[in-house]
$ cat coords21.csv   # CSV, C-alpha atoms
chain,number,residue,atom,x,y,z
A,1,MET,CA,-13.2,-27.9,2.7
A,2,THR,CA,-14.3,-27.8,6.3
A,3,ARG,CA,-13.7,-24.8,8.6
A,4,LYS,CA,-11.0,-26.8,10.5
A,5,ALA,CA,-9.3,-27.8,7.2
A,6,LYS,CA,-9.4,-24.2,5.9
A,7,ILE,CA,-7.7,-22.8,9.1
A,8,SER,CA,-5.1,-25.6,9.1
A,9,PHE,CA,-4.3,-24.9,5.5
A,10,LEU,CA,-3.9,-21.2,6.2
A,11,ILE,CA,-1.7,-21.8,9.2
A,12,LEU,CA,0.5,-24.2,7.3
A,13,VAL,CA,0.9,-21.9,4.3
A,14,TRP,CA,1.5,-18.8,6.4
A,15,SER,CA,4.1,-20.5,8.5
A,16,ILE,CA,6.4,-21.3,5.5
A,17,VAL,CA,8.3,-18.0,5.6
A,18,ALA,CA,10.9,-19.0,3.1
A,19,ILE,CA,8.5,-19.6,0.2
A,20,GLN,CA,8.3,-16.7,-2.3
A,21,ILE,CA,6.3,-16.8,-5.5
A,22,TYR,CA,7.7,-14.8,-8.4
A,23,VAL,CA,6.0,-14.3,-11.8
A,24,ASN,CA,8.5,-13.3,-14.4
A,25,TYR,CA,10.9,-12.4,-11.6
A,26,GLN,CA,13.7,-10.8,-13.6
A,27,GLU,CA,11.4,-8.5,-15.6
A,28,HIS,CA,9.5,-7.5,-12.5
A,29,GLU,CA,12.7,-6.6,-10.6
A,30,LYS,CA,13.8,-4.5,-13.6
A,31,ASN,CA,10.5,-2.6,-13.6
A,32,ALA,CA,10.6,-2.1,-9.8
A,33,THR,CA,14.1,-0.6,-10.1
A,34,GLN,CA,13.0,1.8,-12.8
A,35,ALA,CA,10.0,2.9,-10.7
A,36,VAL,CA,12.3,3.6,-7.8
A,37,THR,CA,14.5,5.7,-10.1
A,38,ALA,CA,11.4,7.7,-11.1
A,39,PHE,CA,10.6,8.7,-7.5
A,40,SER,CA,14.2,9.3,-6.5
A,41,VAL,CA,13.8,12.8,-8.0
A,42,VAL,CA,11.7,13.7,-5.0
A,43,ASN,CA,13.6,11.6,-2.4
A,44,ASP,CA,15.0,14.6,-0.5
A,45,ASN,CA,11.5,16.1,-0.2
A,46,VAL,CA,9.6,13.0,1.0
A,47,THR,CA,8.4,13.3,4.6
A,48,GLU,CA,6.5,10.0,5.0
A,49,GLN,CA,5.6,6.9,3.0
A,50,ARG,CA,2.6,4.7,3.7
A,51,ILE,CA,2.0,1.2,2.4
A,52,LYS,CA,-1.5,-0.2,2.7
A,53,GLY,CA,-3.0,-3.6,1.9
A,54,TYR,CA,-6.5,-4.9,2.1
A,55,GLY,CA,-7.7,-8.4,1.1
A,56,ASN,CA,-10.5,-10.9,1.7
A,57,PHE,CA,-9.5,-14.5,2.6
A,58,GLY,CA,-12.9,-16.1,2.9
A,59,SER,CA,-15.8,-16.9,5.1
A,60,MET,CA,-15.0,-18.9,8.3
A,61,GLU,CA,-15.1,-18.8,12.1
A,62,ILE,CA,-11.6,-18.1,13.6
A,63,SER,CA,-10.8,-18.3,17.2
A,64,SER,CA,-8.8,-15.6,19.1
A,65,GLU,CA,-5.9,-18.0,19.4
A,66,THR,CA,-5.8,-18.6,15.7
A,67,ARG,CA,-6.1,-14.9,14.8
A,68,ARG,CA,-3.1,-14.2,17.1
A,69,GLU,CA,-1.1,-17.0,15.4
A,70,MET,CA,-1.9,-15.7,12.0
A,71,LEU,CA,-0.9,-12.1,12.8
A,72,GLU,CA,2.4,-13.4,14.3
A,73,ASN,CA,3.1,-15.3,11.1
A,74,LEU,CA,2.4,-12.2,9.0
A,75,ALA,CA,4.7,-10.1,11.3
A,76,LEU,CA,7.4,-12.7,10.9
A,77,LYS,CA,7.1,-12.5,7.1
A,78,LEU,CA,7.8,-8.7,7.5
A,79,GLY,CA,10.8,-9.4,9.6
A,80,ILE,CA,9.1,-8.5,12.9
A,81,THR,CA,10.0,-11.0,15.6
A,82,ASP,CA,9.4,-9.1,18.9
A,83,GLY,CA,8.4,-5.9,20.5
A,84,TYR,CA,4.8,-5.9,19.2
A,85,THR,CA,1.5,-5.6,21.1
A,86,PHE,CA,-2.0,-7.0,20.5
A,87,THR,CA,-5.3,-5.2,20.9
A,88,THR,CA,-8.9,-6.2,20.1
A,89,GLY,CA,-11.9,-4.2,19.2
A,90,SER,CA,-15.5,-4.5,17.9
A,91,GLY,CA,-18.2,-2.4,16.5
A,92,ASP,CA,-21.4,-2.5,14.5
A,93,GLY,CA,-21.1,-5.7,12.6
A,94,TYR,CA,-17.4,-6.4,13.0
A,95,GLU,CA,-14.7,-7.7,15.3
A,96,LYS,CA,-11.0,-7.3,15.0
A,97,MET,CA,-7.6,-8.2,16.4
A,98,VAL,CA,-4.7,-5.8,15.8
A,99,LEU,CA,-0.9,-6.4,16.0
A,100,THR,CA,1.1,-3.1,16.4
A,101,LYS,CA,4.8,-2.7,16.2
A,102,GLU,CA,6.4,0.8,16.7
A,103,GLY,CA,10.0,0.6,15.4
A,104,LYS,CA,12.9,2.9,14.8
A,105,TYR,CA,12.4,3.1,11.1
A,106,ALA,CA,8.7,2.1,10.6
A,107,ASN,CA,5.4,1.7,12.4
A,108,THR,CA,3.5,-1.4,11.4
A,109,THR,CA,-0.2,-2.3,12.0
A,110,LEU,CA,-1.6,-5.7,11.0
A,111,GLN,CA,-5.3,-6.5,11.4
A,112,ILE,CA,-7.7,-9.5,11.0
A,113,ILE,CA,-11.2,-8.1,10.7
A,114,SER,CA,-14.2,-10.3,10.9
A,115,MET,CA,-17.3,-8.8,9.2
A,116,LEU,CA,-20.2,-10.5,11.0
A,117,ARG,CA,-23.4,-11.6,9.2
A,118,GLU,CA,-26.8,-12.5,10.5
A,119,GLU,CA,-26.6,-15.8,8.7
A,120,GLY,CA,-23.5,-17.8,7.8
A,121,GLU,CA,-19.9,-17.5,8.7
A,122,PRO,CA,-18.2,-14.1,9.0
A,123,GLU,CA,-16.1,-12.6,6.1
A,124,GLN,CA,-12.5,-12.4,7.1
A,125,TYR,CA,-10.2,-9.6,6.0
A,126,ILE,CA,-6.4,-9.0,6.3
A,127,VAL,CA,-5.3,-5.4,6.6
A,128,MET,CA,-1.7,-4.3,6.6
A,129,GLU,CA,-0.4,-0.8,7.0
A,130,ILE,CA,3.2,0.4,7.3
A,131,GLN,CA,4.4,4.0,7.8
A,132,THR,CA,8.0,5.0,7.3
A,133,GLY,CA,10.1,8.1,6.9
A,134,GLU,CA,12.9,6.2,5.3
A,135,ALA,CA,14.2,6.6,1.7
A,136,VAL,CA,12.1,6.0,-1.3
A,137,GLU,CA,13.8,2.7,-2.2
A,138,ASP,CA,13.0,1.4,1.3
A,139,GLY,CA,9.3,2.3,0.8
A,140,PHE,CA,9.2,0.5,-2.6
A,141,SER,CA,10.9,-2.5,-1.0
A,142,LEU,CA,8.2,-2.7,1.6
A,143,TYR,CA,5.5,-2.2,-1.0
A,144,GLU,CA,6.8,-5.1,-3.0
A,145,LYS,CA,7.1,-7.2,0.1
A,146,VAL,CA,3.5,-6.6,1.2
A,147,LYS,CA,2.2,-7.5,-2.3
A,148,ARG,CA,4.3,-10.7,-2.3
A,149,ILE,CA,3.1,-11.7,1.2
A,150,TYR,CA,-0.6,-11.4,0.0
A,151,GLU,CA,0.4,-13.5,-3.0
A,152,GLU,CA,2.1,-16.1,-0.9
A,153,ILE,CA,-0.9,-16.7,1.4
A,154,GLY,CA,-3.3,-16.8,-1.6
A,155,VAL,CA,-5.2,-13.6,-0.9
A,156,ASN,CA,-6.2,-11.3,-3.8
A,157,ALA,CA,-5.6,-7.9,-2.2
A,158,GLN,CA,-5.4,-4.2,-3.1
A,159,VAL,CA,-2.0,-2.8,-2.1
A,160,SER,CA,-1.0,0.9,-2.4
A,161,LEU,CA,2.1,3.0,-1.8
A,162,GLU,CA,1.7,6.6,-1.0
A,163,LEU,CA,4.5,9.2,-0.7
A,164,GLU,CA,3.9,12.5,1.1
A,165,MET,CA,6.3,15.3,0.3
A,166,GLU,CA,6.7,19.1,0.5
A,167,LYS,CA,8.6,21.5,-1.7
A,168,LYS,CA,9.4,25.2,-1.2
A,169,GLY,CA,7.5,27.4,-3.6
A,170,ASN,CA,4.4,27.0,-5.7
A,171,TYR,CA,4.6,23.9,-7.8
A,172,THR,CA,0.9,23.9,-8.6
A,173,GLN,CA,1.3,26.6,-11.2
A,174,ASP,CA,4.4,27.4,-13.2
A,175,GLU,CA,6.3,24.4,-12.2
A,176,LYS,CA,3.4,21.9,-12.2
A,177,GLU,CA,3.8,20.6,-15.7
A,178,PHE,CA,7.6,20.2,-15.3
A,179,PHE,CA,7.4,18.6,-11.9
A,180,VAL,CA,4.8,16.0,-12.9
A,181,LYS,CA,6.4,15.4,-16.3
A,182,GLU,CA,9.7,14.7,-14.8
A,183,ILE,CA,8.2,12.0,-12.6
A,184,PHE,CA,6.0,10.6,-15.4
A,185,ASP,CA,8.9,10.5,-17.9
A,186,LEU,CA,11.1,8.5,-15.5
A,187,ALA,CA,8.3,6.2,-14.6
A,188,ARG,CA,7.5,5.8,-18.3
A,189,ALA,CA,4.0,6.9,-17.5
A,190,LYS,CA,1.4,8.6,-19.7
A,191,GLU,CA,-1.0,11.2,-18.4
A,192,VAL,CA,-4.6,9.9,-18.4
A,193,ASP,CA,-6.5,12.8,-16.8
A,194,ALA,CA,-5.9,16.0,-14.9
A,195,ILE,CA,-8.3,17.9,-12.6
A,196,ASN,CA,-7.9,21.4,-11.0
A,197,GLU,CA,-10.5,22.0,-8.4
A,198,ASN,CA,-10.7,24.1,-5.2
A,199,GLY,CA,-7.0,24.6,-5.1
A,200,ILE,CA,-6.2,20.9,-5.5
A,201,HIS,CA,-4.3,19.8,-8.6
A,202,THR,CA,-4.6,16.1,-9.5
A,203,VAL,CA,-2.9,14.3,-12.3
A,204,TYR,CA,-3.6,10.6,-13.1
A,205,GLY,CA,-1.3,8.4,-15.2
A,206,TYR,CA,-0.5,4.9,-16.3
A,207,THR,CA,2.8,3.1,-16.5
A,208,ARG,CA,3.6,-0.5,-17.6
A,209,LEU,CA,6.2,-0.6,-14.9
A,210,GLU,CA,3.5,-1.3,-12.3
A,211,ASP,CA,1.3,-4.3,-12.7
A,212,SER,CA,-1.6,-3.2,-10.6
A,213,PHE,CA,-4.1,-0.6,-11.8
A,214,LEU,CA,-7.5,0.9,-11.3
A,215,THR,CA,-10.0,2.0,-14.0
A,216,LEU,CA,-10.9,5.7,-14.4
A,217,ASN,CA,-13.4,6.5,-17.2
A,218,GLU,CA,-12.6,3.2,-18.8
A,219,LYS,CA,-8.9,4.0,-18.8
A,220,LYS,CA,-6.2,2.3,-16.7
A,221,VAL,CA,-4.7,4.4,-13.9
A,222,ASN,CA,-1.8,3.3,-11.6
A,223,ILE,CA,-0.1,6.6,-10.6
A,224,GLN,CA,-1.6,9.7,-9.2
A,225,VAL,CA,-0.1,13.0,-8.1
A,226,VAL,CA,-2.0,15.4,-5.9
A,227,MET,CA,-0.7,18.9,-5.0
A,228,THR,CA,-1.9,21.8,-2.9
A,229,TYR,CA,-0.2,25.1,-2.2
A,230,ALA,CA,0.0,26.8,1.2
A,231,GLU,CA,0.5,30.5,0.5
A,232,GLN,CA,1.5,31.5,4.1
A,233,GLU,CA,4.2,28.9,4.2
A,234,ASP,CA,5.1,29.3,0.5
A,235,LYS,CA,5.2,25.5,0.3
A,236,THR,CA,3.6,22.9,-2.0
A,237,TYR,CA,2.4,19.8,-0.4
A,238,ALA,CA,2.1,16.7,-2.6
A,239,LYS,CA,1.0,13.1,-2.4
A,240,ILE,CA,2.1,10.6,-5.0
A,241,GLY,CA,0.2,7.3,-5.0
A,242,ILE,CA,0.6,3.9,-6.6
A,243,PRO,CA,-1.9,3.0,-8.0
A,244,ILE,CA,-3.8,5.8,-6.4
A,245,VAL,CA,-3.8,8.2,-3.4
A,246,ASN,CA,-6.0,6.6,-0.7
A,247,SER,CA,-5.7,9.2,2.1
A,248,SER,CA,-7.6,12.5,2.3
A,249,TYR,CA,-6.4,15.6,0.6
$ encode --input "coords21.csv" --output "C-alpha coordinates"
Amino acid sequence: MTRKAKISFLILVWSIVAIQIYVNYQEHEKNATQAVTAFSVVNDNVTEQRIKGYGNFGSMEISSETRREMLENLALKLGITDGYTFTTGSGDGYEKMVLTKEGKYANTTLQIISMLREEGEPEQYIVMEIQTGEAVEDGFSLYEKVKRIYEEIGVNAQVSLELEMEKKGNYTQDEKEFFVKEIFDLARAKEVDAINENGIHTVYGYTRLEDSFLTLNEKKVNIQVVMTYAEQEDKTYAKIGIPIVNSSY
(Lines of atoms letter the chains of each structure in order from A and count residues from 1; the text may use other names and numbers.)
(Lines give C-alpha, C1' and ligand atoms only; values in the text may rest on other atoms or scores of the structure.)
Protein backbone atom coordinates (compact mmCIF):
# COMPACT_ATOMS: atom_id res chain seq x y z
CA MET A 1 0.00 0.00 0.00
CA THR A 2 1.39 3.40 -0.96
CA ARG A 3 1.83 6.23 1.56
CA LYS A 4 -1.12 8.12 0.05
CA ALA A 5 -3.31 5.03 0.21
CA LYS A 6 -2.33 4.38 3.85
CA ILE A 7 -3.26 7.90 4.91
CA SER A 8 -6.50 7.87 2.92
CA PHE A 9 -7.45 4.60 4.56
CA LEU A 10 -6.68 5.93 8.05
CA ILE A 11 -8.70 9.09 7.46
CA LEU A 12 -11.63 7.07 6.13
CA VAL A 13 -11.64 4.65 9.05
CA TRP A 14 -11.17 7.31 11.72
CA SER A 15 -13.98 9.43 10.28
CA ILE A 16 -16.63 6.75 10.76
CA VAL A 17 -17.44 7.59 14.36
CA ALA A 18 -20.51 5.36 14.62
CA ILE A 19 -18.64 2.10 13.98
CA GLN A 20 -17.85 0.16 17.16
CA ILE A 21 -16.17 -3.22 17.25
CA TYR A 22 -17.27 -5.55 20.05
CA VAL A 23 -15.82 -8.99 20.77
CA ASN A 24 -18.11 -11.04 22.97
CA TYR A 25 -19.92 -7.81 23.83
CA GLN A 26 -22.33 -9.03 26.51
CA GLU A 27 -19.68 -10.92 28.46
CA HIS A 28 -17.30 -7.99 28.24
CA GLU A 29 -19.92 -5.59 29.59
CA LYS A 30 -20.65 -7.94 32.46
CA ASN A 31 -16.97 -8.11 33.36
CA ALA A 32 -16.58 -4.34 33.17
CA THR A 33 -19.53 -3.88 35.53
CA GLN A 34 -17.98 -6.28 38.02
CA ALA A 35 -14.66 -4.43 37.84
CA VAL A 36 -16.39 -1.11 38.54
CA THR A 37 -18.04 -2.70 41.56
CA ALA A 38 -14.65 -3.79 42.85
CA PHE A 39 -13.30 -0.25 42.81
CA SER A 40 -16.47 1.34 44.14
CA VAL A 41 -15.23 0.45 47.65
CA VAL A 42 -12.66 3.26 47.30
CA ASN A 43 -14.84 5.68 45.34
CA ASP A 44 -15.12 8.25 48.13
CA ASN A 45 -11.36 8.32 48.57
CA VAL A 46 -10.37 8.70 44.89
CA THR A 47 -8.74 12.06 44.14
CA GLU A 48 -7.87 11.55 40.48
CA GLN A 49 -8.09 9.02 37.68
CA ARG A 50 -5.76 8.86 34.71
CA ILE A 51 -6.31 6.92 31.48
CA LYS A 52 -3.31 6.49 29.20
CA GLY A 53 -2.98 4.89 25.78
CA TYR A 54 0.04 4.38 23.54
CA GLY A 55 0.11 2.65 20.17
CA ASN A 56 2.12 2.42 16.93
CA PHE A 57 0.21 2.79 13.65
CA GLY A 58 3.02 2.26 11.19
CA SER A 59 5.80 3.91 9.20
CA MET A 60 4.79 6.77 6.90
CA GLU A 61 5.19 10.46 6.21
CA ILE A 62 2.26 12.56 7.48
CA SER A 63 1.69 16.21 6.72
CA SER A 64 0.75 18.73 9.42
CA GLU A 65 -2.70 19.11 7.87
CA THR A 66 -3.29 15.35 8.02
CA ARG A 67 -2.08 15.10 11.63
CA ARG A 68 -4.48 17.85 12.59
CA GLU A 69 -7.37 16.07 10.89
CA MET A 70 -6.48 12.77 12.56
CA LEU A 71 -6.38 14.39 16.01
CA GLU A 72 -9.72 16.10 15.41
CA ASN A 73 -11.27 12.76 14.45
CA LEU A 74 -9.87 11.14 17.59
CA ALA A 75 -11.27 13.99 19.68
CA LEU A 76 -14.66 13.56 18.03
CA LYS A 77 -14.66 9.88 18.97
CA LEU A 78 -14.17 10.96 22.59
CA GLY A 79 -17.08 13.38 22.31
CA ILE A 80 -14.89 16.49 22.03
CA THR A 81 -16.24 18.86 19.39
CA ASP A 82 -14.82 22.28 20.31
CA GLY A 83 -12.75 24.26 22.79
CA TYR A 84 -9.47 22.45 22.06
CA THR A 85 -6.09 23.85 21.09
CA PHE A 86 -3.18 22.60 18.99
CA THR A 87 0.53 22.82 19.71
CA THR A 88 3.58 21.35 18.03
CA GLY A 89 6.97 20.34 19.31
CA SER A 90 10.18 18.58 18.37
CA GLY A 91 13.27 17.16 19.97
CA ASP A 92 16.12 14.78 19.40
CA GLY A 93 14.71 12.37 16.83
CA TYR A 94 11.02 13.21 17.08
CA GLU A 95 8.27 15.61 16.07
CA LYS A 96 4.79 15.84 17.52
CA MET A 97 1.43 17.55 17.25
CA VAL A 98 -0.73 17.82 20.36
CA LEU A 99 -4.45 18.48 20.79
CA THR A 100 -5.39 19.65 24.30
CA LYS A 101 -8.85 20.05 25.78
CA GLU A 102 -9.34 21.35 29.32
CA GLY A 103 -12.91 20.59 30.35
CA LYS A 104 -15.07 20.89 33.41
CA TYR A 105 -14.88 17.19 34.19
CA ALA A 106 -11.71 16.05 32.42
CA ASN A 107 -8.51 17.23 30.78
CA THR A 108 -7.63 15.44 27.55
CA THR A 109 -4.34 15.33 25.64
CA LEU A 110 -4.05 13.62 22.25
CA GLN A 111 -0.74 13.35 20.43
CA ILE A 112 0.65 12.10 17.15
CA ILE A 113 4.38 11.56 17.62
CA SER A 114 6.71 10.92 14.70
CA MET A 115 9.90 9.09 15.61
CA LEU A 116 12.39 10.10 12.93
CA ARG A 117 14.92 7.73 11.39
CA GLU A 118 18.06 8.33 9.37
CA GLU A 119 16.74 6.03 6.67
CA GLY A 120 13.14 5.24 5.79
CA GLU A 121 9.86 6.76 6.83
CA PRO A 122 9.25 7.80 10.45
CA GLU A 123 7.41 5.58 12.95
CA GLN A 124 4.07 7.12 13.92
CA TYR A 125 2.55 6.79 17.40
CA ILE A 126 -0.82 7.77 18.85
CA VAL A 127 -0.82 8.79 22.50
CA MET A 128 -3.99 9.54 24.47
CA GLU A 129 -4.20 10.74 28.07
CA ILE A 130 -7.27 11.75 30.07
CA GLN A 131 -7.27 13.04 33.66
CA THR A 132 -10.53 13.22 35.58
CA GLY A 133 -11.68 13.67 39.14
CA GLU A 134 -15.08 12.11 38.49
CA ALA A 135 -16.52 8.91 39.96
CA VAL A 136 -14.90 5.51 39.40
CA GLU A 137 -17.57 4.40 36.93
CA ASP A 138 -16.81 7.42 34.75
CA GLY A 139 -13.11 6.58 34.74
CA PHE A 140 -13.86 2.99 33.74
CA SER A 141 -16.16 4.20 30.98
CA LEU A 142 -13.39 6.38 29.56
CA TYR A 143 -10.88 3.54 29.91
CA GLU A 144 -13.13 1.21 27.90
CA LYS A 145 -13.78 3.94 25.33
CA VAL A 146 -10.07 4.58 24.77
CA LYS A 147 -9.43 0.86 24.31
CA ARG A 148 -12.32 0.65 21.85
CA ILE A 149 -11.08 3.64 19.84
CA TYR A 150 -7.66 2.06 19.36
CA GLU A 151 -9.40 -1.13 18.27
CA GLU A 152 -11.62 0.75 15.82
CA ILE A 153 -8.67 2.41 14.08
CA GLY A 154 -6.74 -0.85 13.94
CA VAL A 155 -3.94 0.11 16.32
CA ASN A 156 -2.58 -2.40 18.83
CA ALA A 157 -2.07 -0.23 21.91
CA GLN A 158 -1.23 -0.40 25.58
CA VAL A 159 -3.99 1.26 27.60
CA SER A 160 -4.00 1.72 31.37
CA LEU A 161 -6.31 3.09 34.04
CA GLU A 162 -4.82 4.51 37.22
CA LEU A 163 -6.68 5.65 40.33
CA GLU A 164 -5.07 7.88 42.91
CA MET A 165 -6.57 7.92 46.37
CA GLU A 166 -5.90 8.78 49.98
CA LYS A 167 -7.23 7.34 53.23
CA LYS A 168 -6.91 8.59 56.78
CA GLY A 169 -4.71 6.32 58.85
CA ASN A 170 -1.98 3.81 58.12
CA TYR A 171 -3.22 1.20 55.66
CA THR A 172 0.25 -0.06 54.87
CA GLN A 173 0.39 -2.15 58.06
CA ASP A 174 -2.54 -3.47 60.06
CA GLU A 175 -5.20 -2.73 57.45
CA LYS A 176 -3.11 -3.53 54.40
CA GLU A 177 -4.19 -7.12 53.91
CA PHE A 178 -7.85 -6.33 54.51
CA PHE A 179 -7.84 -3.30 52.19
CA VAL A 180 -6.16 -5.10 49.28
CA LYS A 181 -8.12 -8.30 49.88
CA GLU A 182 -11.41 -6.41 49.71
CA ILE A 183 -10.52 -4.99 46.30
CA PHE A 184 -9.08 -8.25 45.00
CA ASP A 185 -12.10 -10.27 46.18
CA LEU A 186 -14.57 -7.98 44.45
CA ALA A 187 -12.42 -7.92 41.31
CA ARG A 188 -12.10 -11.73 41.47
CA ALA A 189 -8.34 -11.26 41.46
CA LYS A 190 -5.63 -13.49 42.85
CA GLU A 191 -2.46 -12.12 44.36
CA VAL A 192 0.58 -12.82 42.19
CA ASP A 193 3.34 -11.08 44.13
CA ALA A 194 3.92 -8.54 46.91
CA ILE A 195 6.92 -6.29 47.60
CA ASN A 196 7.62 -4.12 50.66
CA GLU A 197 10.58 -1.84 50.09
CA ASN A 198 11.63 1.62 51.31
CA GLY A 199 8.22 2.34 52.75
CA ILE A 200 6.44 1.43 49.51
CA HIS A 201 4.02 -1.49 49.65
CA THR A 202 3.17 -3.04 46.29
CA VAL A 203 0.78 -5.89 45.52
CA TYR A 204 0.32 -7.42 42.06
CA GLY A 205 -2.70 -9.47 41.05
CA TYR A 206 -4.52 -11.05 38.14
CA THR A 207 -8.21 -11.10 37.31
CA ARG A 208 -10.07 -12.64 34.38
CA LEU A 209 -12.44 -9.67 34.39
CA GLU A 210 -9.78 -7.64 32.56
CA ASP A 211 -8.57 -8.89 29.18
CA SER A 212 -5.26 -6.99 29.06
CA PHE A 213 -2.27 -8.10 31.12
CA LEU A 214 1.49 -7.89 31.51
CA THR A 215 3.89 -10.66 32.47
CA LEU A 216 5.80 -10.56 35.76
CA ASN A 217 8.17 -13.44 36.48
CA GLU A 218 6.31 -15.50 33.88
CA LYS A 219 2.95 -14.81 35.59
CA LYS A 220 0.07 -12.72 34.28
CA VAL A 221 -0.52 -9.40 36.04
CA ASN A 222 -3.32 -6.90 35.36
CA ILE A 223 -3.99 -5.16 38.66
CA GLN A 224 -1.48 -3.41 40.94
CA VAL A 225 -1.92 -1.61 44.25
CA VAL A 226 0.85 0.68 45.54
CA MET A 227 0.66 2.30 49.00
CA THR A 228 2.79 4.72 51.01
CA TYR A 229 2.13 6.22 54.44
CA ALA A 230 2.76 9.88 55.37
CA GLU A 231 3.22 9.87 59.13
CA GLN A 232 2.96 13.65 59.64
CA GLU A 233 -0.37 13.74 57.83
CA ASP A 234 -1.47 10.35 59.14
CA LYS A 235 -2.63 9.45 55.64
CA THR A 236 -2.12 6.53 53.31
CA TYR A 237 -1.62 7.45 49.67
CA ALA A 238 -2.46 4.69 47.20
CA LYS A 239 -2.43 4.10 43.49
CA ILE A 240 -4.41 1.34 41.84
CA GLY A 241 -3.49 0.47 38.26
CA ILE A 242 -5.03 -1.65 35.52
CA PRO A 243 -3.05 -3.43 34.26
CA ILE A 244 -0.28 -1.65 36.15
CA VAL A 245 0.66 1.67 37.77
CA ASN A 246 2.56 3.71 35.17
CA SER A 247 3.28 6.93 37.08
CA SER A 248 6.08 7.38 39.61
CA TYR A 249 5.60 6.42 43.24
$ residues_around --input "coords21.csv" --residues "Asn156 (chain A)" --least-positions-apart "2" --cutoff "9 Å" --atoms "only C-alpha atoms" --output "number ranges by chain"
A: 54-57, 150-151, 154, 158
$ atom_distance --input "coords21.csv" --atom1 "CA of Ser90 (chain A)" --atom2 "CA of Gln111 (chain A)"
12.3 Å
$ atom_distance --input "coords21.csv" --atom1 "CA of Val221 (chain A)" --atom2 "CA of Val203 (chain A)"
10.2 Å
$ residues_around --input "coords21.csv" --residues "region 206-210 of chain A" --least-positions-apart "6" --cutoff "6 Å" --atoms "only C-alpha atoms" --output "list of chain:residue names"
A:Asn31, A:Arg188, A:Ala189, A:Lys190, A:Val221, A:Asn222, A:Ile223
$ atom_distance --input "coords21.csv" --atom1 "CA of Gln224 (chain A)" --atom2 "CA of Gly241 (chain A)"
5.2 Å
